[in-house]
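What follows is one structure encoded as structure tokens, with my remarks underneath.
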Number of protein chains: 2
Amino acid sequence: MSDKQPKKKIPQMTISRLARYLNCLSLLPEEYDKEISSKELAARIDLKPTQVRQDFHHFGGFGQAGYRYKVEDLIIGLERILGLDNLQNMIIVGVGHLGQAVANYRKFERLGLNLVGLFDINPRLIGLTIRDIRVRDIDDIPEVIKEHKVSIGIITTPADVAQETANLMVINGIKAIWNFSPKNISAPHNVVIQNEHLSVGLMTLSYKLKTATEEYNTK
Amino acid sequence: MSDKQPKKKIPQMTISRLARYLNCLSLLPEEYDKEISSKELAARIDLKPTQVRQDFHHFGGFGQAGYRYKVEDLIIGLERILGLDNLQNMIIVGVGHLGQAVANYRKFERLGLNLVGLFDINPRLIGLTIRDIRVRDIDDIPEVIKEHKVSIGIITTPADVAQETANLMVINGIKAIWNFSPKNISAPHNVVIQNEHLSVGLMTLSYKLKTATEEYNTK
DNA sequence: TATATTATGTTAGCAATTTAACAAAGGAGT
DNA sequence: ACTCCTTTGTTAAATTGCTAACATAATATA
């Protein structure tokens, strides 16, 4: 009944929600240790139960009518769908504060995402060790990618070198790029890109704040 | 014709795109200094021209039939819609790497967002100065909020203190919270919240990578 | 001046997503 | 065993959001 291969294209919003479900499940308190209903899960992330079931339905569902969901099954199923069930190696280029913040992100290991390299051009950073990984010069990138079969590249450089960093990654065979620089980067279409533009979130917050106060003022 | 008050609720996706338009316009090269068409703008962020015009239409449009858009008008109009036209003061709580990365984000000033306080509990960080702002103890938060009429609070603390940090902000009158901790925080409904869950982006990337390689393998 | 071209604003049709409704299935209590 | 309650899977309706088509307007060119 479960882990059915989806025939149709899955909506982007569904994928984001699956990630949120998984995130939510991983920080569940004790009392939900074993089972959870779509109603309870939905409430925790401010959605309707139907939405949860419909999202799961794209993949054939994770439970059985009458039962509640087994938390363990959900986690395993979601991880498989999201491609977190087999190990991927990653590198980070740009070891400023943002790069170090990402490098220290504790959840990577649990998700099967393995950090194997840190790179910068700043000589003062090279040689520094973060979470047992030594910061190396960007000239060493090709070597590390090949040695560790790196599939994911994380760009936390300044905007003006983001594109050339991406090019370097692509040339050496990286298949996925997580880009934190404000500039959109381009790559061949067989390389997947996830842009993480912080300003979008902040502007959205600003808009919400504005409309909320407007509503308040006109009431 | 422009800056009409929208009667209907604006889709969340439209707001995100407005932010992306503004971001795109601010990094435009010289040749587009004065004018840009919906076609050109759309191409830069991988959308269709109709989408751009439709998004603008919610607010009455920013141009005139026949003309192209004036870049300056677009920027001013988008800033007004997004609430970036009047100054807002912000504080950051949690001055780890992520907090420092956010604090060093250069674009705040241009967007009318003014950082006025940095806070942490770690005595080794207190007293440190970042961008002319001294890191203070979290006990000083109420004082700074009142003194500077702070409206936006940024949470870059560890997950286990995120909720109490939010509570402290809310009690002291903060109206908007930008939350970087992986836990969803709750607040009264007159306080707006923007959760920035990095894991969602990474999981999305992982999903894309998985489906891309699957397609490649079955071809 | 007339015409072709390019542009935006606007409306309507279409596609996609969300929500609601219901059938099937298990557990609890009588 | 039977009924009631809760739950998931599934289908259908309703809603929302996107795209295409077109009217209007300006510029450039002949």
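Every chain in the structure tokens takes a letter, A first, then B, and so on in the order presented; its residues are numbered from 1, and the ligands are numbered from 1 following the presented order.
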Within 9 Å of chain C, which residues of chain A show up when using only C-alpha atoms (C1' of nucleotides), listed as a VMD selection string? chain A and resid 11 48 50 to 51 64 to 67
For B:Ala42: contacts at 12 Å, only C-alpha atoms (C1' of nucleotides), fewer than 2 positions along chain excluded, given as JSON, numbers by chain: {"B": [17, 18, 20, 21, 24, 25, 36, 37, 38, 39, 40, 44, 45, 46, 47, 48, 49, 50, 51, 52, 53, 54, 55]}
Based on only C-alpha atoms, which of the residues in chain B come within 6 Å of chain A? I want them as a list in words.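 Here is what falls inside 6 Å: Ala19, Leu82, Gly83, His97, Leu98, Ala101, Gln194, Val200, Leu205, Ser206, Tyr207 and Lys210 of chain B.
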Which of stretch 9-78 of chain A end up as alpha helix (DSSP H) when DSSP is run on this backbone - answer as a ChimeraX atom specification? /A:12-26,38-44,49-57,71-78
Let's have the selection written as a compact mmCIF listing (two decimals), in the first residue's frame, with N, CA and C atoms.
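Below is the file that was written, result_23.txt:
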# COMPACT_ATOMS: atom_id res chain seq x y z
N GLN A 12 5.11 21.30 -6.00
CA GLN A 12 6.21 21.83 -5.19
C GLN A 12 5.78 22.05 -3.75
N MET A 13 4.58 22.58 -3.57
CA MET A 13 4.11 22.86 -2.22
C MET A 13 3.97 21.57 -1.41
N THR A 14 3.59 20.49 -2.08
CA THR A 14 3.52 19.21 -1.38
C THR A 14 4.89 18.79 -0.87
N ILE A 15 5.90 18.95 -1.69
CA ILE A 15 7.26 18.58 -1.26
C ILE A 15 7.69 19.40 -0.04
N SER A 16 7.43 20.69 -0.08
CA SER A 16 7.78 21.53 1.09
C SER A 16 7.06 21.03 2.33
N ARG A 17 5.80 20.67 2.15
CA ARG A 17 5.07 20.20 3.32
C ARG A 17 5.61 18.87 3.83
N LEU A 18 5.97 17.97 2.91
CA LEU A 18 6.56 16.71 3.35
C LEU A 18 7.79 16.98 4.21
N ALA A 19 8.59 17.94 3.79
CA ALA A 19 9.77 18.30 4.58
C ALA A 19 9.36 18.81 5.95
N ARG A 20 8.28 19.59 5.98
CA ARG A 20 7.83 20.11 7.27
C ARG A 20 7.27 19.00 8.15
N TYR A 21 6.58 18.04 7.54
CA TYR A 21 6.08 16.91 8.32
C TYR A 21 7.25 16.19 8.97
N LEU A 22 8.25 15.92 8.16
CA LEU A 22 9.39 15.16 8.66
C LEU A 22 10.08 15.93 9.79
N ASN A 23 10.26 17.19 9.57
CA ASN A 23 10.87 18.04 10.59
C ASN A 23 10.06 18.00 11.88
N CYS A 24 8.75 18.14 11.73
CA CYS A 24 7.86 18.12 12.88
C CYS A 24 7.93 16.80 13.61
N LEU A 25 7.93 15.71 12.89
CA LEU A 25 7.96 14.38 13.51
C LEU A 25 9.25 14.15 14.28
N SER A 26 10.33 14.71 13.76
CA SER A 26 11.62 14.47 14.42
C SER A 26 11.73 15.22 15.74
N SER A 38 -3.55 12.21 11.42
CA SER A 38 -3.42 13.33 10.49
C SER A 38 -3.91 14.62 11.14
N LYS A 39 -4.90 14.49 12.01
CA LYS A 39 -5.45 15.65 12.70
C LYS A 39 -4.41 16.30 13.61
N GLU A 40 -3.73 15.45 14.38
CA GLU A 40 -2.72 15.97 15.31
C GLU A 40 -1.52 16.56 14.56
N LEU A 41 -1.09 15.83 13.54
CA LEU A 41 0.05 16.31 12.77
C LEU A 41 -0.28 17.64 12.10
N ALA A 42 -1.47 17.71 11.52
CA ALA A 42 -1.88 18.94 10.84
C ALA A 42 -1.90 20.12 11.80
N ALA A 43 -2.45 19.89 12.99
CA ALA A 43 -2.56 20.97 13.96
C ALA A 43 -1.20 21.56 14.31
N ARG A 44 -0.20 20.71 14.35
CA ARG A 44 1.13 21.16 14.75
C ARG A 44 1.77 22.09 13.74
N PRO A 49 -6.33 18.52 8.33
CA PRO A 49 -6.03 17.08 8.24
C PRO A 49 -6.14 16.55 6.81
N THR A 50 -7.11 17.03 6.07
CA THR A 50 -7.29 16.56 4.70
C THR A 50 -6.06 16.83 3.85
N GLN A 51 -5.45 17.95 4.11
CA GLN A 51 -4.25 18.30 3.34
C GLN A 51 -3.15 17.26 3.57
N VAL A 52 -2.99 16.88 4.81
CA VAL A 52 -1.98 15.88 5.15
C VAL A 52 -2.27 14.57 4.43
N ARG A 53 -3.51 14.13 4.52
CA ARG A 53 -3.84 12.84 3.90
C ARG A 53 -3.69 12.90 2.39
N GLN A 54 -4.09 14.02 1.81
CA GLN A 54 -3.96 14.18 0.37
C GLN A 54 -2.50 14.17 -0.06
N ASP A 55 -1.66 14.84 0.71
CA ASP A 55 -0.22 14.83 0.40
C ASP A 55 0.31 13.41 0.42
N PHE A 56 -0.05 12.68 1.45
CA PHE A 56 0.43 11.29 1.56
C PHE A 56 -0.15 10.43 0.44
N HIS A 57 -1.37 10.77 0.03
CA HIS A 57 -2.05 9.98 -0.98
C HIS A 57 -1.29 9.93 -2.30
N VAL A 71 4.49 6.57 13.72
CA VAL A 71 5.48 7.63 13.52
C VAL A 71 6.72 7.12 12.80
N GLU A 72 7.15 5.94 13.19
CA GLU A 72 8.34 5.36 12.59
C GLU A 72 8.16 5.15 11.09
N ASP A 73 6.98 4.63 10.71
CA ASP A 73 6.69 4.41 9.29
C ASP A 73 6.71 5.72 8.52
N LEU A 74 6.10 6.75 9.13
CA LEU A 74 6.07 8.05 8.47
C LEU A 74 7.47 8.55 8.22
N ILE A 75 8.29 8.49 9.26
CA ILE A 75 9.66 9.02 9.13
C ILE A 75 10.42 8.28 8.03
N ILE A 76 10.35 6.98 8.08
CA ILE A 76 11.07 6.19 7.07
C ILE A 76 10.55 6.48 5.67
N GLY A 77 9.22 6.52 5.56
CA GLY A 77 8.61 6.77 4.26
C GLY A 77 8.97 8.14 3.70
N LEU A 78 8.87 9.14 4.56
CA LEU A 78 9.17 10.50 4.11
C LEU A 78 10.64 10.63 3.72
Determine which residues of stretch 14-214 of chain B receive a DSSP assignment of strand (DSSP E or B), computed from the backbone, and state them as an MDAnalysis selection string. chainID B and resid 35:36 69:70 88:93 113:120 129:130 133:137 152:155 176:179 192:195
B:Ile10, B:Phe180, B:Phe119, B:Asn217: which is nearest chain D, counting only C-alpha atoms (C1' of nucleotides)?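 Result for the nearest residue to chain D: B:Ile10.
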Set the distance at 12 Å and use only C-alpha atoms (C1' of nucleotides): which residues neighbour A:Val161 once local chain neighbours fewer than 3 positions away are removed? I'd like the list as a list in words. Val93, Gly94, Asp120, Ile121, Ile138, Ile155, Thr156, Thr157, Pro158, Glu164, Thr165, Ala166, Asn167, Leu168, Asn179, Phe180, Ser181, Pro182, Lys183, Asn184 and Ile185 of chain A
Output for the residues just chosen: C-alpha atoms as a short mmCIF file (atom, residue, chain, number, x, y, z; two decimals), in the first residue's frame:
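Result file is result_9.cif:
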data_model
loop_
_atom_site.label_atom_id
_atom_site.label_comp_id
_atom_site.auth_asym_id
_atom_site.auth_seq_id
_atom_site.Cartn_x
_atom_site.Cartn_y
_atom_site.Cartn_z
CA VAL A 93 32.35 26.91 -0.33
CA GLY A 94 32.62 30.16 1.59
CA ASP A 120 37.56 29.49 1.20
CA ILE A 121 40.01 31.85 -0.45
CA ILE A 138 39.34 26.47 -3.25
CA ILE A 155 27.45 28.15 -1.88
CA THR A 156 27.86 30.62 0.97
CA THR A 157 30.25 32.95 -0.82
CA PRO A 158 29.71 36.64 -1.57
CA GLU A 164 32.09 31.09 -10.83
CA THR A 165 31.87 28.90 -7.74
CA ALA A 166 28.86 27.18 -9.24
CA ASN A 167 30.72 26.72 -12.52
CA LEU A 168 33.62 25.09 -10.70
CA ASN A 179 22.76 28.58 -3.15
CA PHE A 180 22.66 31.14 -0.35
CA SER A 181 23.99 34.07 -2.34
CA PRO A 182 21.38 36.65 -3.30
CA LYS A 183 22.12 36.25 -6.99
CA ASN A 184 20.36 33.54 -8.94
CA ILE A 185 22.95 31.23 -10.43
#
Identify every residue of chain D that has at least one atom within 8 Å of any atom of chain A, counting only C-alpha atoms (C1' of nucleotides), and report the result as an mmCIF file with all heavy atoms, in the first residue's frame.
data_model
loop_
_atom_site.group_PDB
_atom_site.id
_atom_site.type_symbol
_atom_site.label_atom_id
_atom_site.label_comp_id
_atom_site.auth_asym_id
_atom_site.auth_seq_id
_atom_site.Cartn_x
_atom_site.Cartn_y
_atom_site.Cartn_z
ATOM 1 P P DT D 6 -15.325 10.539 18.278
ATOM 2 O OP1 DT D 6 -14.886 11.410 19.379
ATOM 3 O OP2 DT D 6 -16.225 11.039 17.217
ATOM 4 O "O5'" DT D 6 -14.038 9.919 17.573
ATOM 5 C "C5'" DT D 6 -13.235 8.978 18.278
ATOM 6 C "C4'" DT D 6 -12.239 8.328 17.328
ATOM 7 O "O4'" DT D 6 -12.919 7.352 16.495
ATOM 8 C "C3'" DT D 6 -11.555 9.311 16.362
ATOM 9 O "O3'" DT D 6 -10.159 9.214 16.494
ATOM 10 C "C2'" DT D 6 -12.013 8.867 14.980
ATOM 11 C "C1'" DT D 6 -12.376 7.414 15.192
ATOM 12 N N1 DT D 6 -13.399 6.903 14.244
ATOM 13 C C2 DT D 6 -13.115 5.762 13.527
ATOM 14 O O2 DT D 6 -12.075 5.159 13.623
ATOM 15 N N3 DT D 6 -14.130 5.364 12.675
ATOM 16 C C4 DT D 6 -15.350 5.989 12.490
ATOM 17 O O4 DT D 6 -16.172 5.538 11.696
ATOM 18 C C5 DT D 6 -15.577 7.165 13.274
ATOM 19 C C7 DT D 6 -16.872 7.917 13.149
ATOM 20 C C6 DT D 6 -14.600 7.577 14.110
ATOM 21 P P DT D 7 -9.228 10.258 15.783
ATOM 22 O OP1 DT D 7 -8.032 10.451 16.623
ATOM 23 O OP2 DT D 7 -10.058 11.392 15.337
ATOM 24 O "O5'" DT D 7 -8.788 9.462 14.468
ATOM 25 C "C5'" DT D 7 -8.008 8.286 14.586
ATOM 26 C "C4'" DT D 7 -7.958 7.559 13.255
ATOM 27 O "O4'" DT D 7 -9.295 7.106 12.913
ATOM 28 C "C3'" DT D 7 -7.558 8.439 12.081
ATOM 29 O "O3'" DT D 7 -6.190 8.275 11.783
ATOM 30 C "C2'" DT D 7 -8.390 7.917 10.913
ATOM 31 C "C1'" DT D 7 -9.322 6.908 11.519
ATOM 32 N N1 DT D 7 -10.724 7.101 11.027
ATOM 33 C C2 DT D 7 -11.200 6.202 10.115
ATOM 34 O O2 DT D 7 -10.549 5.264 9.688
ATOM 35 N N3 DT D 7 -12.481 6.449 9.688
ATOM 36 C C4 DT D 7 -13.307 7.481 10.091
ATOM 37 O O4 DT D 7 -14.442 7.597 9.642
ATOM 38 C C5 DT D 7 -12.731 8.389 11.047
ATOM 39 C C7 DT D 7 -13.529 9.561 11.549
ATOM 40 C C6 DT D 7 -11.476 8.159 11.468
ATOM 41 P P DT D 8 -5.538 9.168 10.616
ATOM 42 O OP1 DT D 8 -4.125 9.331 10.989
ATOM 43 O OP2 DT D 8 -6.396 10.350 10.416
ATOM 44 O "O5'" DT D 8 -5.648 8.272 9.311
ATOM 45 C "C5'" DT D 8 -4.950 7.037 9.243
ATOM 46 C "C4'" DT D 8 -5.402 6.255 8.014
ATOM 47 O "O4'" DT D 8 -6.857 6.241 7.994
ATOM 48 C "C3'" DT D 8 -4.971 6.855 6.680
ATOM 49 O "O3'" DT D 8 -4.419 5.842 5.857
ATOM 50 C "C2'" DT D 8 -6.240 7.421 6.065
ATOM 51 C "C1'" DT D 8 -7.327 6.585 6.709
ATOM 52 N N1 DT D 8 -8.623 7.313 6.874
ATOM 53 C C2 DT D 8 -9.734 6.822 6.225
ATOM 54 O O2 DT D 8 -9.714 5.835 5.524
ATOM 55 N N3 DT D 8 -10.888 7.558 6.430
ATOM 56 C C4 DT D 8 -11.028 8.686 7.202
ATOM 57 O O4 DT D 8 -12.110 9.246 7.309
ATOM 58 C C5 DT D 8 -9.818 9.142 7.856
ATOM 59 C C7 DT D 8 -9.852 10.377 8.708
ATOM 60 C C6 DT D 8 -8.693 8.453 7.666
ATOM 61 P P DG D 9 -3.690 6.263 4.492
ATOM 62 O OP1 DG D 9 -2.601 5.305 4.273
ATOM 63 O OP2 DG D 9 -3.409 7.707 4.494
ATOM 64 O "O5'" DG D 9 -4.832 5.978 3.425
ATOM 65 C "C5'" DG D 9 -5.238 4.639 3.199
ATOM 66 C "C4'" DG D 9 -6.311 4.580 2.114
ATOM 67 O "O4'" DG D 9 -7.471 5.334 2.556
ATOM 68 C "C3'" DG D 9 -5.905 5.174 0.759
ATOM 69 O "O3'" DG D 9 -6.373 4.301 -0.264
ATOM 70 C "C2'" DG D 9 -6.604 6.527 0.731
ATOM 71 C "C1'" DG D 9 -7.837 6.288 1.584
ATOM 72 N N9 DG D 9 -8.330 7.444 2.333
ATOM 73 C C8 DG D 9 -7.611 8.272 3.161
ATOM 74 N N7 DG D 9 -8.348 9.207 3.723
ATOM 75 C C5 DG D 9 -9.626 8.976 3.245
ATOM 76 C C6 DG D 9 -10.846 9.668 3.506
ATOM 77 O O6 DG D 9 -11.038 10.638 4.231
ATOM 78 N N1 DG D 9 -11.906 9.098 2.809
ATOM 79 C C2 DG D 9 -11.810 8.002 1.983
ATOM 80 N N2 DG D 9 -12.931 7.601 1.403
ATOM 81 N N3 DG D 9 -10.684 7.352 1.731
ATOM 82 C C4 DG D 9 -9.636 7.891 2.396
#
Hey, can you check how far atom CA of B:Asp137 sits from atom CA of A:Ile130? 26.6 Å
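The two atoms in question, atom CA of A:Lys9 and atom C1' of D:DA21, are spaced 27.5 Å apart.
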A straight line from atom CA of B:Asn89 to atom CA of B:Arg134 spans 15.7 Å
